[in-house]
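For reference, the structure is listed below as structure tokens.
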Amino acid sequence: MKALVLCLLLALDAQGPALVFHGTKGPVPEEVAARMRQHSWHEGCPTPIAELSYLRLSYLGFDGAAHEGKLVVHRDLAEEVVAIFKVLFQRRFPIEKMRLIDDYGGDDEASMADNNTSGFNCRFVPGKPGVYSKHSLGRAIDINPRQNPMITSGAAKPPAGVEYSDRRKNRPGMVRAKDVVVREFGRRGWKWGGNWVSLKDYQHFEK
């Protein structure tokens with residue numbers, strides 16, 4: 001019996017310590033809304049802040065430890081986004097950072113360069129002035145931009161993502177067809193930019 005217990009303890013230790021997911025959703029707090037009005041939201045944005053939800057989510061870092069991240073998404077999607085990230089956490093999919101885009105002054109390129117996973121940002125589609133991105137609706141999320149760059153005209157965005165342009169090798173933090181990330185988003189009706197034809201946006205999910 002002692003030998004059996006020891007084997008079980010060793011098996012648990014080999015898997016690492018148990019990690020517990022925490023996820024909350026609610027209206028955007030006023031202090032967060034005030035920062036958003038300075039950076040990620042402005043008059044004329046298609047989605048009022050009152051229709052957005054503020055999420056606090058556990059995520060597993062590349063260091064193997066649990067961290068707390070923050071996302072802003074449309075309130076209609078908040079519950080399912082929490083559910084998706086709970087599965088990613090339980091399946092130990094690593095995420096480097098999860099900070100509000102306001103920490104980067106609303107600059108999407110700066111957020112991507114820092115490998116930040118983000119949601120809401122009231123901005124136009126790159127190269128299409130006047131056409132609002134799904135991020136402006138709170139209906140898009142970008143995950144690990146460095147490991148999952150946008151590839152267009154042979155160039156990677158962010159530029160540091162060029163080493164991940166070859167999607168045949170499965171490396172930590174990469175989103176690949178039929179993996180847990182694509183499955184969890186896909187079964188809830190989200191579309192993945194990695195399936196697009198005119199360009200590939202491996203970091204991007206939208207609904």
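For the structure tokens, the naming scheme is as follows: chains receive sequential letters (A, B, ...) according to their order of presentation, residues are indexed from 1 within each chain, and ligands are indexed from 1 in presentation order.
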
Output as a tab-separated table one row per residue of range 4-123 of chain A within 9 Å of range 138-147 of chain A: the closest atom pair and its distance in Å to one decimal place, counting only C-alpha atoms, sorted by chain and residue number ascending.
```
residue	atom	partner	partner_atom	distance
A:Thr47	CA	A:Gly138	CA	7.7
A:Glu51	CA	A:Gly138	CA	8.9
A:Leu52	CA	A:Gly138	CA	6.8
A:Ser53	CA	A:Gly138	CA	8.7
A:Leu71	CA	A:Ile141	CA	8.8
A:Val72	CA	A:Gly138	CA	6.8
A:Val73	CA	A:Gly138	CA	4.2
A:His74	CA	A:Gly138	CA	4.4
A:Arg75	CA	A:Gly138	CA	8.2
A:Leu77	CA	A:Arg139	CA	7.5
A:Pro94	CA	A:Asn144	CA	8.8
A:Ile95	CA	A:Asn144	CA	6.2
A:Glu96	CA	A:Asn144	CA	6.7
A:Lys97	CA	A:Asn144	CA	7.7
A:Met98	CA	A:Ile143	CA	8.7
A:Ser111	CA	A:Pro145	CA	8.6
A:Met112	CA	A:Pro145	CA	5.4
A:Ala113	CA	A:Arg146	CA	7.1
A:Asp114	CA	A:Arg146	CA	8.0
A:Asn115	CA	A:Pro145	CA	5.2
A:Asn116	CA	A:Asn144	CA	6.0
A:Thr117	CA	A:Ile143	CA	4.6
A:Ser118	CA	A:Asp142	CA	5.5
A:Gly119	CA	A:Ile141	CA	4.4
A:Phe120	CA	A:Gly138	CA	4.6
A:Asn121	CA	A:Gly138	CA	7.4
A:Cys122	CA	A:Gly138	CA	8.5
```

Would you mind listing, for every residue of range 47-138 of chain A within 6 Å of range 21-29 of chain A, the two atoms forming the shortest contact and the distance between them in Å to one decimal, using only C-alpha atoms, sorted by chain and ascending residue number, as a Markdown table?
```
| residue | atom | partner | partner_atom | distance |
| --- | --- | --- | --- | --- |
| A:Ser53 | CA | A:Pro27 | CA | 4.9 |
| A:Tyr54 | CA | A:Val28 | CA | 4.9 |
| A:Leu55 | CA | A:Lys25 | CA | 4.5 |
| A:Arg56 | CA | A:Thr24 | CA | 5.3 |
| A:Leu57 | CA | A:Gly23 | CA | 4.5 |
| A:Ser58 | CA | A:His22 | CA | 5.4 |
```

Any chance you could tabulate, as a tab-separated table, the residues of range 60-127 of chain A at most 12 Å from range 183-192 of chain A with each one's nearest atom pair and distance in Å to one decimal, using only C-alpha atoms, in chain and rising number order?
```
residue	atom	partner	partner_atom	distance
A:Leu77	CA	A:Arg188	CA	9.9
A:Glu79	CA	A:Arg188	CA	11.2
A:Glu80	CA	A:Arg188	CA	7.7
A:Val81	CA	A:Phe185	CA	8.4
A:Val82	CA	A:Phe185	CA	11.2
A:Ala83	CA	A:Glu184	CA	8.8
A:Ile84	CA	A:Glu184	CA	5.9
A:Phe85	CA	A:Glu184	CA	8.8
A:Lys86	CA	A:Glu184	CA	10.1
A:Val87	CA	A:Glu184	CA	7.7
A:Leu88	CA	A:Glu184	CA	8.3
A:Phe89	CA	A:Glu184	CA	11.9
A:Arg91	CA	A:Glu184	CA	11.2
```

Include N, CA and C atoms and write out the residues we just selected as an mmCIF file, in the first residue's frame.
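For reference, out.cif as written:
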```
data_model
loop_
_atom_site.group_PDB
_atom_site.id
_atom_site.type_symbol
_atom_site.label_atom_id
_atom_site.label_comp_id
_atom_site.auth_asym_id
_atom_site.auth_seq_id
_atom_site.Cartn_x
_atom_site.Cartn_y
_atom_site.Cartn_z
ATOM 1 N N LEU A 77 -20.358 37.805 -25.465
ATOM 2 C CA LEU A 77 -19.383 36.728 -25.646
ATOM 3 C C LEU A 77 -18.602 36.418 -24.373
ATOM 4 N N GLU A 79 -19.186 35.089 -21.375
ATOM 5 C CA GLU A 79 -19.273 33.783 -20.728
ATOM 6 C C GLU A 79 -18.517 32.718 -21.512
ATOM 7 N N GLU A 80 -18.659 32.727 -22.846
ATOM 8 C CA GLU A 80 -17.984 31.692 -23.618
ATOM 9 C C GLU A 80 -16.482 31.939 -23.690
ATOM 10 N N VAL A 81 -16.044 33.189 -23.646
ATOM 11 C CA VAL A 81 -14.605 33.460 -23.629
ATOM 12 C C VAL A 81 -13.986 32.937 -22.337
ATOM 13 N N VAL A 82 -14.670 33.135 -21.221
ATOM 14 C CA VAL A 82 -14.189 32.571 -19.952
ATOM 15 C C VAL A 82 -14.088 31.051 -20.068
ATOM 16 N N ALA A 83 -15.103 30.418 -20.648
ATOM 17 C CA ALA A 83 -15.105 28.958 -20.794
ATOM 18 C C ALA A 83 -13.962 28.480 -21.687
ATOM 19 N N ILE A 84 -13.693 29.214 -22.766
ATOM 20 C CA ILE A 84 -12.607 28.837 -23.678
ATOM 21 C C ILE A 84 -11.266 28.893 -22.953
ATOM 22 N N PHE A 85 -11.012 29.987 -22.263
ATOM 23 C CA PHE A 85 -9.720 30.139 -21.611
ATOM 24 C C PHE A 85 -9.566 29.203 -20.416
ATOM 25 N N LYS A 86 -10.674 28.768 -19.852
ATOM 26 C CA LYS A 86 -10.587 27.744 -18.802
ATOM 27 C C LYS A 86 -10.046 26.445 -19.378
ATOM 28 N N VAL A 87 -10.532 26.061 -20.554
ATOM 29 C CA VAL A 87 -10.050 24.833 -21.187
ATOM 30 C C VAL A 87 -8.582 24.982 -21.576
ATOM 31 N N LEU A 88 -8.201 26.128 -22.131
ATOM 32 C CA LEU A 88 -6.799 26.330 -22.515
ATOM 33 C C LEU A 88 -5.886 26.242 -21.297
ATOM 34 N N PHE A 89 -6.348 26.782 -20.194
ATOM 35 C CA PHE A 89 -5.586 26.702 -18.936
ATOM 36 C C PHE A 89 -5.460 25.256 -18.477
ATOM 37 N N ARG A 91 -5.676 22.596 -20.215
ATOM 38 C CA ARG A 91 -4.868 21.826 -21.162
ATOM 39 C C ARG A 91 -3.430 22.338 -21.241
#
```

What's around Ala155 in chain A at 12 Å? Count only C-alpha atoms, leave out sequence neighbours fewer than 5 positions away in its own chain, and write the answer as a PDB file with N, CA and C atoms, in the first residue's frame.
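Below is the file that was written, result.pdb:
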```
ATOM      1  N   PRO A 149       1.998  34.780 -36.010  1.00  0.00           N
ATOM      2  CA  PRO A 149       1.997  36.054 -36.722  1.00  0.00           C
ATOM      3  C   PRO A 149       0.955  36.120 -37.827  1.00  0.00           C
ATOM      4  N   MET A 150       0.677  37.344 -38.253  1.00  0.00           N
ATOM      5  CA  MET A 150      -0.095  37.551 -39.466  1.00  0.00           C
ATOM      6  C   MET A 150       0.889  37.543 -40.626  1.00  0.00           C
ATOM      7  N   ALA A 160       9.107  39.855 -35.443  1.00  0.00           N
ATOM      8  CA  ALA A 160       9.741  38.776 -34.693  1.00  0.00           C
ATOM      9  C   ALA A 160       9.053  37.434 -34.912  1.00  0.00           C
ATOM     10  N   GLY A 161       7.848  37.481 -35.483  1.00  0.00           N
ATOM     11  CA  GLY A 161       7.122  36.239 -35.745  1.00  0.00           C
ATOM     12  C   GLY A 161       7.598  35.497 -36.973  1.00  0.00           C
ATOM     13  N   VAL A 162       8.567  36.059 -37.709  1.00  0.00           N
ATOM     14  CA  VAL A 162       9.004  35.422 -38.952  1.00  0.00           C
ATOM     15  C   VAL A 162       9.545  34.013 -38.704  1.00  0.00           C
ATOM     16  N   GLU A 163      10.158  33.792 -37.535  1.00  0.00           N
ATOM     17  CA  GLU A 163      10.704  32.460 -37.259  1.00  0.00           C
ATOM     18  C   GLU A 163       9.604  31.423 -37.043  1.00  0.00           C
ATOM     19  N   TYR A 164       8.367  31.882 -36.893  1.00  0.00           N
ATOM     20  CA  TYR A 164       7.226  30.973 -36.719  1.00  0.00           C
ATOM     21  C   TYR A 164       6.370  30.891 -37.980  1.00  0.00           C
ATOM     22  N   SER A 165       6.900  31.396 -39.080  1.00  0.00           N
ATOM     23  CA  SER A 165       6.142  31.351 -40.337  1.00  0.00           C
ATOM     24  C   SER A 165       5.930  29.922 -40.815  1.00  0.00           C
ATOM     25  N   LEU A 199      -4.738  35.967 -46.878  1.00  0.00           N
ATOM     26  CA  LEU A 199      -3.626  36.127 -45.946  1.00  0.00           C
ATOM     27  C   LEU A 199      -3.846  35.162 -44.799  1.00  0.00           C
ATOM     28  N   LYS A 200      -2.830  34.969 -43.981  1.00  0.00           N
ATOM     29  CA  LYS A 200      -2.946  34.118 -42.802  1.00  0.00           C
ATOM     30  C   LYS A 200      -2.738  34.967 -41.555  1.00  0.00           C
ATOM     31  N   ASP A 201      -3.689  34.905 -40.646  1.00  0.00           N
ATOM     32  CA  ASP A 201      -3.589  35.645 -39.389  1.00  0.00           C
ATOM     33  C   ASP A 201      -3.744  34.632 -38.260  1.00  0.00           C
TER      34      ASP A 201
END
```

For CA of Asp166 in chain A and CA of His204 in chain A, the interatomic separation in Å (one decimal): 17.0 Å

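If you measure from each of A:Ile49, A:Gly69, A:Val20, A:Phe205 to Ala33 in chain A using only C-alpha atoms, the closest one turns out to be A:Ile49.
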
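Our summary of the geometry notes that CA of Asp108 in chain A is positioned 23.1 Å from CA of Arg167 in chain A.
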
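When DSSP reads the backbone of this structure, the residues of range 72-207 of chain A it assigns to alpha helix (DSSP H) are Ala78, Glu79, Glu80, Val81, Val82, Ala83, Ile84, Phe85, Lys86, Val87, Leu88, Phe89, Gln90, Asp108, Glu109, Ala110, Ser111, Met112, Ala113, Val180, Val181, Val182, Arg183, Glu184, Phe185 and Gly186 of chain A.
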
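Minimum atom-to-atom distances from A:Lys134, A:Glu30, A:Phe62, A:Asp107 to Arg171 in chain A were compared using only C-alpha atoms, and the lowest value belongs to A:Phe62.
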
Members of range 23-183 of chain A assigned strand (DSSP E or B) by DSSP, as a ChimeraX atom specification: /A:23-27,52-60,66-74,94,97,116,118,124-125,128-132,140-142,150-152,155-157

Just N, CA and C atoms for this one: save the residues we selected as a CSV table (one decimal), in the first residue's frame.
```csv
chain,number,residue,atom,x,y,z
A,23,GLY,N,-11.8,32.7,-13.3
A,23,GLY,CA,-12.3,33.6,-14.3
A,23,GLY,C,-13.5,34.4,-13.9
A,24,THR,N,-13.4,35.7,-14.0
A,24,THR,CA,-14.6,36.5,-13.7
A,24,THR,C,-14.9,37.4,-14.9
A,25,LYS,N,-16.2,37.9,-14.9
A,25,LYS,CA,-16.7,38.8,-15.9
A,25,LYS,C,-17.6,39.8,-15.3
A,26,GLY,N,-17.7,41.0,-15.9
A,26,GLY,CA,-18.6,42.0,-15.4
A,26,GLY,C,-18.4,43.3,-16.2
A,27,PRO,N,-19.2,44.3,-15.8
A,27,PRO,CA,-19.1,45.6,-16.5
A,27,PRO,C,-17.7,46.1,-16.4
A,52,LEU,N,-19.6,46.4,-23.3
A,52,LEU,CA,-18.4,45.5,-23.2
A,52,LEU,C,-18.3,44.9,-21.8
A,53,SER,N,-17.5,43.8,-21.7
A,53,SER,CA,-17.4,43.1,-20.4
A,53,SER,C,-15.9,43.0,-20.1
A,54,TYR,N,-15.5,43.2,-18.9
A,54,TYR,CA,-14.2,43.2,-18.4
A,54,TYR,C,-13.9,41.8,-17.7
A,55,LEU,N,-12.9,41.1,-18.3
A,55,LEU,CA,-12.6,39.7,-17.8
A,55,LEU,C,-11.3,39.7,-17.1
A,56,ARG,N,-11.3,38.9,-16.0
A,56,ARG,CA,-10.0,38.6,-15.4
A,56,ARG,C,-9.9,37.1,-15.5
A,57,LEU,N,-8.8,36.6,-16.1
A,57,LEU,CA,-8.6,35.2,-16.4
A,57,LEU,C,-7.3,34.6,-16.0
A,58,SER,N,-7.3,33.4,-15.5
A,58,SER,CA,-6.0,32.7,-15.2
A,58,SER,C,-5.5,32.3,-16.6
A,59,TYR,N,-4.2,32.3,-16.7
A,59,TYR,CA,-3.5,31.7,-17.9
A,59,TYR,C,-2.2,31.1,-17.5
A,60,LEU,N,-1.7,30.1,-18.2
A,60,LEU,CA,-0.5,29.5,-17.9
A,60,LEU,C,0.6,30.2,-18.7
A,66,ALA,N,1.0,29.9,-13.1
A,66,ALA,CA,-0.3,30.6,-13.3
A,66,ALA,C,-0.2,32.1,-13.1
A,67,HIS,N,-0.8,32.8,-14.0
A,67,HIS,CA,-0.9,34.3,-13.9
A,67,HIS,C,-2.3,34.7,-14.1
A,68,GLU,N,-2.6,36.0,-13.8
A,68,GLU,CA,-3.9,36.6,-14.1
A,68,GLU,C,-3.8,37.6,-15.2
A,69,GLY,N,-4.6,37.4,-16.2
A,69,GLY,CA,-4.7,38.3,-17.3
A,69,GLY,C,-6.0,39.1,-17.4
A,70,LYS,N,-6.1,40.1,-18.3
A,70,LYS,CA,-7.2,40.9,-18.4
A,70,LYS,C,-7.6,41.0,-19.9
A,71,LEU,N,-8.9,40.9,-20.2
A,71,LEU,CA,-9.4,41.0,-21.5
A,71,LEU,C,-10.7,41.9,-21.5
A,72,VAL,N,-10.9,42.6,-22.5
A,72,VAL,CA,-12.2,43.3,-22.7
A,72,VAL,C,-12.8,42.7,-24.0
A,73,VAL,N,-14.1,42.2,-23.9
A,73,VAL,CA,-14.8,41.6,-25.0
A,73,VAL,C,-16.2,42.1,-25.0
A,74,HIS,N,-17.0,41.8,-26.0
A,74,HIS,CA,-18.4,42.2,-26.0
A,74,HIS,C,-19.1,41.3,-24.9
A,94,PRO,N,0.3,27.5,-23.3
A,94,PRO,CA,0.9,28.6,-22.7
A,94,PRO,C,0.6,29.9,-23.4
A,97,LYS,N,1.5,36.8,-22.4
A,97,LYS,CA,1.0,38.0,-21.6
A,97,LYS,C,-0.5,38.1,-22.0
A,116,ASN,N,1.6,40.1,-26.8
A,116,ASN,CA,0.5,40.3,-25.9
A,116,ASN,C,-0.8,39.7,-26.5
A,118,SER,N,-4.7,39.9,-26.7
A,118,SER,CA,-5.6,41.1,-26.4
A,118,SER,C,-6.9,40.9,-27.1
A,124,PHE,N,-9.3,50.6,-37.1
A,124,PHE,CA,-9.6,50.2,-38.4
A,124,PHE,C,-8.9,48.9,-38.8
A,125,VAL,N,-9.4,48.2,-39.8
A,125,VAL,CA,-8.6,47.1,-40.3
A,125,VAL,C,-7.4,47.6,-41.0
A,128,LYS,N,-7.2,49.5,-44.5
A,128,LYS,CA,-8.6,49.8,-44.9
A,128,LYS,C,-9.2,50.9,-44.0
A,129,PRO,N,-8.7,52.1,-44.3
A,129,PRO,CA,-9.2,53.3,-43.5
A,129,PRO,C,-10.8,53.4,-43.5
A,130,GLY,N,-11.4,53.6,-42.4
A,130,GLY,CA,-12.8,53.7,-42.3
A,130,GLY,C,-13.5,52.4,-42.1
A,131,VAL,N,-12.8,51.3,-42.2
A,131,VAL,CA,-13.4,50.0,-42.0
A,131,VAL,C,-13.0,49.5,-40.6
A,132,TYR,N,-14.0,49.4,-39.7
A,132,TYR,CA,-13.7,49.0,-38.3
A,132,TYR,C,-13.4,47.5,-38.2
A,140,ALA,N,-13.3,40.0,-31.3
A,140,ALA,CA,-12.0,39.4,-31.8
A,140,ALA,C,-11.0,39.3,-30.7
A,141,ILE,N,-10.2,38.3,-30.8
A,141,ILE,CA,-9.1,38.1,-29.8
A,141,ILE,C,-7.9,37.6,-30.6
A,142,ASP,N,-6.7,38.2,-30.2
A,142,ASP,CA,-5.4,37.8,-30.8
A,142,ASP,C,-4.6,37.1,-29.7
A,150,MET,N,0.7,37.3,-38.3
A,150,MET,CA,-0.1,37.6,-39.5
A,150,MET,C,0.9,37.5,-40.6
A,151,ILE,N,0.6,36.7,-41.6
A,151,ILE,CA,1.5,36.6,-42.8
A,151,ILE,C,0.8,37.2,-44.0
A,152,THR,N,1.3,38.3,-44.5
A,152,THR,CA,0.7,38.9,-45.7
A,152,THR,C,1.8,39.4,-46.6
A,155,ALA,N,5.4,38.9,-45.6
A,155,ALA,CA,6.0,39.6,-44.4
A,155,ALA,C,5.2,39.1,-43.2
A,156,ALA,N,5.9,39.1,-42.1
A,156,ALA,CA,5.3,38.7,-40.8
A,156,ALA,C,5.0,39.9,-39.9
A,157,LYS,N,3.9,39.9,-39.3
A,157,LYS,CA,3.6,40.9,-38.3
A,157,LYS,C,3.1,40.2,-37.0
```

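With CA of Gln203 in chain A on one side and CA of Pro46 in chain A on the other, the separation reads 23.0 Å.
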
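Restricting the calculation to only C-alpha atoms, the smallest distance between Gly64 in chain A and any of A:Gly194, A:Phe93, A:Glu43, A:Lys178 is found for A:Phe93.
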